[in-house]
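What follows is the content of upload_39.cif, which has mmCIF, C-alpha atoms:
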```cif
data_entry
loop_
_atom_site.label_atom_id
_atom_site.label_comp_id
_atom_site.auth_asym_id
_atom_site.auth_seq_id
_atom_site.Cartn_x
_atom_site.Cartn_y
_atom_site.Cartn_z
CA MET M 1 22.88 40.05 -7.98
CA MET M 2 20.79 36.91 -7.85
CA ILE M 3 22.89 34.28 -9.63
CA LEU M 4 20.48 31.33 -9.44
CA PRO M 5 17.60 32.90 -11.43
CA LEU M 6 20.12 33.97 -14.09
CA LEU M 7 21.50 30.46 -14.28
CA GLU M 8 18.02 29.00 -14.64
CA ARG M 9 17.20 31.46 -17.40
CA GLY M 10 20.41 30.39 -19.08
CA VAL M 11 19.39 26.75 -18.75
CA ARG M 12 15.98 27.51 -20.24
CA PHE M 13 17.62 29.37 -23.13
CA GLY M 14 19.96 26.44 -23.75
CA LEU M 15 17.11 23.93 -23.69
CA ARG M 16 15.17 26.02 -26.18
CA ARG M 17 18.21 26.16 -28.46
CA SER M 18 18.34 22.36 -28.35
CA GLY M 19 14.73 22.04 -29.54
CA VAL M 20 12.92 21.88 -26.21
CA THR M 21 9.59 23.71 -26.11
CA THR M 22 8.80 25.79 -23.03
CA ARG M 23 5.26 26.89 -22.35
CA TYR M 24 2.71 27.68 -19.68
CA LEU M 25 -0.18 25.42 -18.77
CA PRO M 26 -3.21 27.20 -17.24
CA THR M 27 -4.52 25.79 -13.93
CA PRO M 28 -6.86 27.15 -11.25
CA LEU M 29 -3.79 27.80 -9.05
CA GLY M 30 -1.95 29.74 -11.77
CA ARG M 31 0.07 28.86 -14.84
CA LEU M 32 2.57 26.00 -14.64
CA HIS M 33 5.81 26.32 -16.57
CA VAL M 34 6.61 23.22 -18.62
CA TYR M 35 9.65 21.92 -20.49
CA ASP M 36 8.49 19.62 -23.32
CA ALA M 37 11.37 17.90 -25.12
CA PRO M 38 10.85 15.83 -28.28
CA GLY M 39 13.00 12.74 -28.48
CA THR M 40 14.00 9.92 -30.79
CA GLY M 41 12.81 6.96 -28.72
CA ARG M 42 9.52 5.59 -27.44
CA GLY M 43 6.96 6.73 -24.91
CA THR M 44 6.75 9.76 -22.64
CA ILE M 45 8.73 10.41 -19.46
CA VAL M 46 7.50 12.97 -16.90
CA LEU M 47 10.01 14.44 -14.40
CA LEU M 48 8.85 15.91 -11.06
CA HIS M 49 11.13 17.89 -8.76
CA GLY M 50 11.12 18.45 -5.00
CA ILE M 51 10.01 21.27 -2.72
CA SER M 52 11.89 24.58 -3.14
CA ALA M 53 13.63 23.17 -6.23
CA THR M 54 12.77 23.71 -9.91
CA ALA M 55 12.70 21.70 -13.12
CA ALA M 56 15.79 23.45 -14.55
CA PRO M 57 18.33 21.12 -12.82
CA PHE M 58 16.76 18.24 -14.76
CA ALA M 59 18.35 19.66 -17.94
CA PRO M 60 21.27 17.16 -18.08
CA LEU M 61 18.81 14.32 -17.47
CA ILE M 62 16.44 15.62 -20.14
CA ALA M 63 19.27 15.74 -22.68
CA ARG M 64 20.12 12.09 -22.03
CA LEU M 65 16.56 10.75 -21.82
CA ARG M 66 15.59 12.34 -25.15
CA ARG M 67 17.63 9.63 -26.88
CA ASP M 68 15.32 6.94 -25.54
CA ALA M 69 11.90 8.62 -25.25
CA ALA M 70 9.55 10.22 -27.74
CA ARG M 71 8.95 13.04 -25.22
CA VAL M 72 10.46 14.15 -21.94
CA ILE M 73 8.36 16.55 -19.86
CA ALA M 74 9.54 18.44 -16.78
CA ILE M 75 7.14 20.66 -14.84
CA ASP M 76 7.84 23.50 -12.43
CA LEU M 77 5.54 22.80 -9.48
CA PRO M 78 2.95 25.46 -8.50
CA GLY M 79 4.70 28.51 -7.08
CA HIS M 80 8.14 27.14 -8.04
CA GLY M 81 10.61 28.08 -10.75
CA PHE M 82 9.01 29.90 -13.67
CA SER M 83 5.48 28.86 -12.67
CA ASP M 84 3.14 31.59 -11.44
CA PRO M 85 2.84 32.37 -7.73
CA THR M 86 -0.11 30.36 -6.45
CA ARG M 87 -3.50 32.08 -6.25
CA ALA M 88 -4.33 30.33 -2.97
CA PRO M 89 -2.29 28.86 -0.12
CA LEU M 90 -0.71 25.64 -1.40
CA THR M 91 -1.88 22.57 0.52
CA PRO M 92 -1.07 18.91 -0.25
CA ASP M 93 -4.57 18.29 -1.65
CA LEU M 94 -4.40 21.36 -3.92
CA LEU M 95 -0.96 20.33 -5.08
CA PHE M 96 -2.00 16.76 -5.92
CA ASP M 97 -5.21 17.85 -7.67
CA THR M 98 -3.37 20.46 -9.74
CA MET M 99 -0.55 18.15 -10.73
CA THR M 100 -2.90 15.27 -11.56
CA ALA M 101 -4.86 17.49 -13.95
CA ALA M 102 -1.65 18.92 -15.44
CA ILE M 103 -0.07 15.51 -16.08
CA ASP M 104 -3.35 14.24 -17.55
CA GLU M 105 -3.41 17.13 -20.01
CA LEU M 106 0.25 16.87 -20.96
CA ALA M 107 0.20 13.10 -21.40
CA HIS M 108 -2.56 13.21 -24.06
CA GLY M 109 -3.93 9.86 -22.94
CA GLU M 110 -0.61 8.01 -23.34
CA ARG M 111 0.80 5.61 -20.78
CA ILE M 112 3.77 7.39 -19.23
CA THR M 113 6.85 6.77 -17.14
CA VAL M 114 6.80 9.04 -14.09
CA VAL M 115 10.08 9.92 -12.37
CA GLY M 116 9.83 11.85 -9.09
CA ASN M 117 12.41 13.13 -6.64
CA SER M 118 11.56 13.99 -3.00
CA LEU M 119 8.19 15.81 -3.03
CA GLY M 120 8.06 14.96 -6.72
CA GLY M 121 8.25 11.30 -5.72
CA LEU M 122 5.23 11.73 -3.48
CA ILE M 123 3.34 13.45 -6.32
CA ALA M 124 4.33 10.59 -8.64
CA VAL M 125 2.97 7.99 -6.21
CA ARG M 126 -0.26 9.91 -5.68
CA TYR M 127 -0.68 10.16 -9.45
CA ALA M 128 -0.03 6.43 -9.88
CA ILE M 129 -2.65 5.65 -7.22
CA ARG M 130 -5.20 7.87 -8.95
CA ARG M 131 -4.30 6.82 -12.51
CA PRO M 132 -2.81 3.30 -12.33
CA ALA M 133 -3.72 2.48 -15.92
CA ALA M 134 -1.94 5.59 -17.16
CA VAL M 135 1.45 4.82 -15.59
CA ALA M 136 3.70 2.41 -17.48
CA ALA M 137 6.48 2.65 -14.89
CA LEU M 138 7.05 4.52 -11.63
CA ILE M 139 10.59 5.59 -10.70
CA LEU M 140 11.08 7.13 -7.25
CA LEU M 141 14.27 8.96 -6.27
CA SER M 142 14.38 9.47 -2.48
CA PRO M 143 10.61 10.03 -2.44
CA GLY M 144 8.63 11.83 0.24
CA GLY M 145 5.41 10.47 1.67
CA ALA M 146 6.60 7.79 4.09
CA GLU M 147 5.22 7.45 7.58
CA THR M 148 7.14 9.76 9.90
CA SER M 149 7.25 10.57 13.57
CA ASP M 150 6.49 14.03 14.95
CA ALA M 151 10.17 14.50 15.78
CA GLU M 152 11.28 13.47 12.29
CA TRP M 153 8.78 15.82 10.68
CA GLN M 154 9.83 18.71 12.89
CA ALA M 155 13.47 18.06 11.98
CA LEU M 156 12.61 18.06 8.28
CA GLN M 157 10.67 21.31 8.60
CA ALA M 158 13.63 22.82 10.45
CA ALA M 159 15.98 21.83 7.63
CA PHE M 160 14.03 24.13 5.32
CA ARG M 161 14.18 27.11 7.69
CA ILE M 162 17.31 28.51 6.09
CA THR M 163 18.22 31.97 7.31
CA SER M 164 21.95 32.29 6.59
CA ARG M 165 24.66 31.27 4.12
CA ARG M 166 26.03 28.85 6.70
CA GLU M 167 22.69 27.06 6.98
CA ALA M 168 22.34 27.08 3.20
CA LEU M 169 25.74 25.41 2.76
CA ALA M 170 24.80 22.80 5.34
CA PHE M 171 21.56 22.11 3.45
CA VAL M 172 23.39 21.69 0.13
CA ALA M 173 25.76 19.24 1.83
CA ARG M 174 22.75 17.21 2.96
CA VAL M 175 21.09 16.90 -0.46
CA GLN M 176 24.14 16.11 -2.61
CA ASP M 177 26.81 13.48 -2.21
CA ARG M 178 29.64 15.85 -3.13
CA PRO M 179 28.31 19.35 -3.89
CA PRO M 180 30.24 20.98 -6.75
CA LEU M 181 31.71 24.45 -6.45
CA LEU M 182 28.81 26.04 -8.32
CA ALA M 183 26.29 24.60 -5.85
CA ARG M 184 28.25 26.09 -2.98
CA LEU M 185 28.54 29.46 -4.73
CA VAL M 186 24.76 29.80 -5.16
CA ALA M 187 23.79 28.16 -1.85
CA HIS M 188 23.05 31.51 -0.19
CA GLU M 189 20.12 32.00 -2.55
CA LEU M 190 18.33 29.11 -0.84
CA VAL M 191 17.49 31.60 1.92
CA GLY M 192 15.03 33.26 -0.44
CA ARG M 193 13.93 30.06 -2.14
CA THR M 194 12.80 28.41 1.07
CA LYS M 195 10.86 31.52 2.10
CA GLN M 196 8.70 31.51 -1.02
CA PRO M 197 4.97 31.36 -0.18
CA ALA M 198 4.37 28.01 -1.91
CA VAL M 199 7.21 26.40 0.04
CA ARG M 200 6.15 27.83 3.39
CA ASP M 201 2.46 27.01 2.74
CA LEU M 202 3.27 23.37 1.99
CA LEU M 203 5.55 22.95 4.98
CA GLU M 204 3.01 24.53 7.31
CA SER M 205 -0.07 22.72 5.97
CA THR M 206 1.51 19.25 5.79
CA THR M 207 1.43 17.08 8.92
CA PRO M 208 2.85 13.66 9.86
CA THR M 209 -0.61 12.22 9.22
CA ASP M 210 -0.35 13.05 5.49
CA VAL M 211 0.98 9.59 4.66
CA ILE M 212 0.37 7.50 1.56
CA PRO M 213 -2.14 4.78 2.52
CA ALA M 214 -0.11 1.58 2.74
CA ALA M 215 -2.86 -0.55 1.21
CA GLU M 216 -3.11 1.72 -1.84
CA LEU M 217 0.64 1.74 -2.26
CA HIS M 218 0.88 -2.03 -1.97
CA ALA M 219 -1.80 -2.44 -4.66
CA LEU M 220 0.06 -0.50 -7.37
CA PRO M 221 0.37 -2.78 -10.42
CA MET M 222 3.01 -1.04 -12.56
CA PRO M 223 6.77 -1.70 -12.44
CA ILE M 224 8.29 0.37 -9.62
CA LEU M 225 11.91 1.33 -9.02
CA LEU M 226 13.00 3.03 -5.78
CA TRP M 227 16.45 4.62 -5.61
CA TRP M 228 17.65 5.57 -2.13
CA GLY M 229 21.27 6.66 -2.29
CA ARG M 230 23.74 5.62 0.38
CA SER M 231 24.55 9.32 0.83
CA GLU M 232 20.92 10.23 1.65
CA ARG M 233 21.24 12.76 4.48
CA LEU M 234 17.94 14.67 4.36
CA LEU M 235 15.34 11.95 4.94
CA PRO M 236 15.72 9.51 7.86
CA ALA M 237 16.53 5.82 7.43
CA SER M 238 13.13 4.98 8.91
CA HIS M 239 11.54 6.26 5.69
CA LEU M 240 13.44 3.74 3.58
CA ALA M 241 12.36 1.01 5.99
CA TRP M 242 8.73 2.11 5.53
CA TRP M 243 9.03 1.95 1.75
CA ARG M 244 10.56 -1.52 1.99
CA ALA M 245 7.66 -2.68 4.13
CA ASN M 246 4.88 -1.17 2.03
CA LEU M 247 5.85 -1.16 -1.64
CA PRO M 248 4.44 -4.10 -3.60
CA ARG M 249 6.60 -7.22 -3.82
CA HIS M 250 7.49 -6.60 -7.43
CA ALA M 251 9.09 -3.22 -6.63
CA VAL M 252 12.85 -2.98 -7.12
CA ILE M 253 14.71 -1.15 -4.33
CA GLU M 254 18.32 -0.07 -4.87
CA GLU M 255 20.81 1.84 -2.71
CA PRO M 256 23.46 3.20 -5.10
CA ASP M 257 26.80 4.47 -3.84
CA GLY M 258 27.77 8.09 -4.45
CA ILE M 259 24.14 9.23 -4.60
CA GLY M 260 22.44 11.60 -2.18
CA HIS M 261 18.94 13.02 -1.90
CA CYS M 262 18.92 14.41 -5.46
CA PRO M 263 20.36 11.72 -7.76
CA HIS M 264 19.89 13.83 -10.91
CA LEU M 265 22.28 16.39 -9.44
CA ASP M 266 24.89 13.85 -8.34
CA ASP M 267 25.02 11.72 -11.49
CA PRO M 268 22.50 12.44 -14.28
CA ALA M 269 24.20 9.96 -16.64
CA ARG M 270 23.77 7.16 -14.14
CA VAL M 271 20.14 8.07 -13.46
CA ALA M 272 19.40 8.20 -17.20
CA ALA M 273 21.00 4.81 -17.74
CA ARG M 274 18.93 3.27 -14.95
CA VAL M 275 15.70 4.82 -16.21
CA ARG M 276 16.53 3.57 -19.70
CA ALA M 277 17.15 0.02 -18.47
CA PHE M 278 14.06 -0.07 -16.24
CA ARG M 279 11.26 1.32 -18.40
#
```

Output the file's structure in the form of structure tokens.
Amino acid sequence: MMILPLLERGVRFGLRRSGVTTRYLPTPLGRLHVYDAPGTGRGTIVLLHGISATAAPFAPLIARLRRDAARVIAIDLPGHGFSDPTRAPLTPDLLFDTMTAAIDELAHGERITVVGNSLGGLIAVRYAIRRPAAVAALILLSPGGAETSDAEWQALQAAFRITSRREALAFVARVQDRPPLLARLVAHELVGRTKQPAVRDLLESTTPTDVIPAAELHALPMPILLWWGRSERLLPASHLAWWRANLPRHAVIEEPDGIGHCPHLDDPARVAARVRAFR
């Protein structure tokens, strides 16, 4: 029995019971599954997850952010989670174009806070570069997109070639500071997750030359917060050094203790509090 899909369906059911709308947004690549949570605060927050992940693990963060935002939106990336399988091989350009159009449509012309983890961080930066006037604040949680060497990129690709439970457990240990029992129990299902066409297409079509242009990054005008946990074990330290060198001077860079590659999994309350204080 596949436990992870059942858990994610349970999460979706629970979010719906709490007043969160779930729907599908048509795109040329296929429908994107969206969580759209009304809140009691101000503004809209958009949450973007990483490669091979889904939006469902944002649920604890969504619950907390609803107290401070008018809307909290979390999107399953193309070919991920409850979104449709992609109608064409997923490349970085197709991904960015699709997500830019999707965020534009969901935001309804409002200025938004964009929060992105890993690949979601890269998408958030690309969106901010394309739509600087639309982004009120940019919050990056161990983002992808930094300059990387061939060896570093090959090592990262290898990390996603998960073929056994042992490799899956090792991967979970790399992305969380202290993986809970549940994460270890469902780790074996990462074997299938990382073999999904959208994941393999992205990993195979991305190259070390697909780097955010430093000049465009440095020119971003909105408030920017970068969180790079001290327990980051998936991305190399050279990536943090690149962000330090190329983010604009007004960007705030923090290295919290007890936080790994996926801060919303390690401590959603802490992430929510920091987002609340920053935006």

Expansion of the PyMOL selection byres ((chain M and resi 34-49) around 8) into residues, as a PyMOL selection string: chain M and resi 19-25+32-33+50-51+53-55+58+62+65-77+107+110-121+123-124

Just want the 9 Å neighbourhood of segment 186-195 of chain M, counted on all atoms listed in the file, with same-chain residues fewer than 3 positions away dropped. Output as a PDB file with C-alpha atoms, in the frame of the given file.
```pdb
ATOM      1  CA  MET M   2      20.790  36.910  -7.850  1.00  0.00           C
ATOM      2  CA  ILE M   3      22.890  34.280  -9.630  1.00  0.00           C
ATOM      3  CA  LEU M   4      20.480  31.330  -9.440  1.00  0.00           C
ATOM      4  CA  ILE M  51      10.010  21.270  -2.720  1.00  0.00           C
ATOM      5  CA  SER M  52      11.890  24.580  -3.140  1.00  0.00           C
ATOM      6  CA  ALA M  53      13.630  23.170  -6.230  1.00  0.00           C
ATOM      7  CA  HIS M  80       8.140  27.140  -8.040  1.00  0.00           C
ATOM      8  CA  PHE M 160      14.030  24.130   5.320  1.00  0.00           C
ATOM      9  CA  ARG M 161      14.180  27.110   7.690  1.00  0.00           C
ATOM     10  CA  ILE M 162      17.310  28.510   6.090  1.00  0.00           C
ATOM     11  CA  THR M 163      18.220  31.970   7.310  1.00  0.00           C
ATOM     12  CA  SER M 164      21.950  32.290   6.590  1.00  0.00           C
ATOM     13  CA  ARG M 165      24.660  31.270   4.120  1.00  0.00           C
ATOM     14  CA  ARG M 166      26.030  28.850   6.700  1.00  0.00           C
ATOM     15  CA  GLU M 167      22.690  27.060   6.980  1.00  0.00           C
ATOM     16  CA  ALA M 168      22.340  27.080   3.200  1.00  0.00           C
ATOM     17  CA  LEU M 169      25.740  25.410   2.760  1.00  0.00           C
ATOM     18  CA  PHE M 171      21.560  22.110   3.450  1.00  0.00           C
ATOM     19  CA  VAL M 172      23.390  21.690   0.130  1.00  0.00           C
ATOM     20  CA  LEU M 181      31.710  24.450  -6.450  1.00  0.00           C
ATOM     21  CA  LEU M 182      28.810  26.040  -8.320  1.00  0.00           C
ATOM     22  CA  ALA M 183      26.290  24.600  -5.850  1.00  0.00           C
ATOM     23  CA  ALA M 198       4.370  28.010  -1.910  1.00  0.00           C
ATOM     24  CA  VAL M 199       7.210  26.400   0.040  1.00  0.00           C
ATOM     25  CA  ARG M 200       6.150  27.830   3.390  1.00  0.00           C
TER      26      ARG M 200
END
```

Close residues, Arg270 of chain M itself excluded, 12 Å, all atoms listed in the file, min 6 positions apart in chain, as a list in words: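 The filter keeps Pro60, Leu61, Arg64, Leu65, Trp227, Pro256, Asp257, Gly258, Ile259, Pro263, His264, Arg276 and Ala277 of chain M.
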
Contacts of Glu254 of chain M within 8 Å, all atoms listed in the file, excl. fewer than 6 positions in-chain, as a compact mmCIF listing (two decimals) with C-alpha atoms, in the frame of the given file:
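Heads up, here's the output in part29.txt:
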```
# COMPACT_ATOMS: atom_id res chain seq x y z
CA LEU M 225 11.91 1.33 -9.02
CA LEU M 226 13.00 3.03 -5.78
CA TRP M 227 16.45 4.62 -5.61
CA TRP M 228 17.65 5.57 -2.13
CA GLY M 229 21.27 6.66 -2.29
```

Between atom CA of Gly79 of chain M and atom CA of Arg126 of chain M, distance in Å (one decimal):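 If I compute the distance from atom CA of Gly79 of chain M to atom CA of Arg126 of chain M, I get 19.3 Å.
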
Selection under test: the PyMOL selection byres ((chain M and resi 249) around 12); residues as a list of chain:residue names: M:Leu217, M:His218, M:Ala219, M:Leu220, M:Pro221, M:Met222, M:Pro223, M:Ile224, M:Leu225, M:Trp243, M:Arg244, M:Ala245, M:Asn246, M:Leu247, M:Pro248, M:His250, M:Ala251, M:Val252, M:Ile253

Any chance you can output those residues with C-alpha atoms as a JSON list (two decimals), in the coordinates of the input?
```json
[["chain", "number", "residue", "atom", "x", "y", "z"],
["M", 217, "LEU", "CA", 0.64, 1.74, -2.26],
["M", 218, "HIS", "CA", 0.88, -2.03, -1.97],
["M", 219, "ALA", "CA", -1.80, -2.44, -4.66],
["M", 220, "LEU", "CA", 0.06, -0.50, -7.37],
["M", 221, "PRO", "CA", 0.37, -2.78, -10.42],
["M", 222, "MET", "CA", 3.01, -1.04, -12.56],
["M", 223, "PRO", "CA", 6.77, -1.70, -12.44],
["M", 224, "ILE", "CA", 8.29, 0.37, -9.62],
["M", 225, "LEU", "CA", 11.91, 1.33, -9.02],
["M", 243, "TRP", "CA", 9.03, 1.95, 1.75],
["M", 244, "ARG", "CA", 10.56, -1.52, 1.99],
["M", 245, "ALA", "CA", 7.66, -2.68, 4.13],
["M", 246, "ASN", "CA", 4.88, -1.17, 2.03],
["M", 247, "LEU", "CA", 5.85, -1.16, -1.64],
["M", 248, "PRO", "CA", 4.44, -4.10, -3.60],
["M", 250, "HIS", "CA", 7.49, -6.60, -7.43],
["M", 251, "ALA", "CA", 9.09, -3.22, -6.63],
["M", 252, "VAL", "CA", 12.85, -2.98, -7.12],
["M", 253, "ILE", "CA", 14.71, -1.15, -4.33]]
```

Interatomic distance, atom CA of Leu29 of chain M to atom CA of Leu95 of chain M (Å, one decimal):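 Rounded to one decimal, the two atoms are 8.9 Å apart.
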
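From atom CA of Asp210 of chain M back to atom CA of Ala137 of chain M, the distance works out to 23.9 Å.
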
Once the PyMOL selection byres ((chain M and resi 84) around 7) is applied to the coordinates I shared, what remains selected? I want it as an mmCIF file with C-alpha atoms, in the coordinates of the input.
```cif
data_model
loop_
_atom_site.group_PDB
_atom_site.id
_atom_site.type_symbol
_atom_site.label_atom_id
_atom_site.label_comp_id
_atom_site.auth_asym_id
_atom_site.auth_seq_id
_atom_site.Cartn_x
_atom_site.Cartn_y
_atom_site.Cartn_z
ATOM 1 C CA GLY M 30 -1.950 29.740 -11.770
ATOM 2 C CA ARG M 31 0.070 28.860 -14.840
ATOM 3 C CA LEU M 32 2.570 26.000 -14.640
ATOM 4 C CA PRO M 78 2.950 25.460 -8.500
ATOM 5 C CA GLY M 79 4.700 28.510 -7.080
ATOM 6 C CA PHE M 82 9.010 29.900 -13.670
ATOM 7 C CA SER M 83 5.480 28.860 -12.670
ATOM 8 C CA PRO M 85 2.840 32.370 -7.730
ATOM 9 C CA THR M 86 -0.110 30.360 -6.450
#
```

Spatial sel., origin (22.0, 11.4, -4.6), limit 7 Å, all atoms listed in the file, listed as a list in words: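 The answer, in the requested form, is Val175, Gln176, Asp177, Gly229, Ser231, Glu232, Gly258, Ile259, Gly260, His261, Cys262, Pro263, Leu265 and Asp266 of chain M.
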
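Every protein or nucleic acid residue with an atom no more than 8 Å from His239 of chain M, counting all atoms listed in the file and leaving out same-chain residues fewer than 2 positions away, appears here: Ala146, Glu147, Thr148, Leu235, Pro236, Ala237, Ala241, Trp242 and Trp243 of chain M.
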
Counting only C-alpha atoms, the option among M:Ile129, M:Ala155, M:Leu185, M:Ile103 closest to Leu7 of chain M: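 Between M:Ile129, M:Ala155, M:Leu185, M:Ile103, the residue approaching Leu7 of chain M most closely is M:Leu185.
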
Minimum-distance residue to Pro197 of chain M, chosen among M:Ile212, M:Ala158, M:Ala88, M:Leu140 (using only C-alpha atoms):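 Answer, going by the shortest atom-to-atom distance: M:Ala88.
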
Nearest candidate to Asp201 of chain M (options M:Leu90, M:Val135, M:Leu234, M:Ala128; using all atoms listed in the file):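 Among the listed residues, the smallest separation from Asp201 of chain M belongs to M:Leu90.
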
Given only C-alpha atoms as the counted atoms, nearest of M:Glu8, M:Ser142, M:Thr27, M:Ser18 to Ala63 of chain M: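 With only C-alpha atoms as the atom set, the closest residue is M:Ser18.
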
Among the residues M:Ala59, M:Leu6, M:Leu240, M:Ala273, the one that comes closest to Gly144 of chain M [using only C-alpha atoms]: M:Leu240
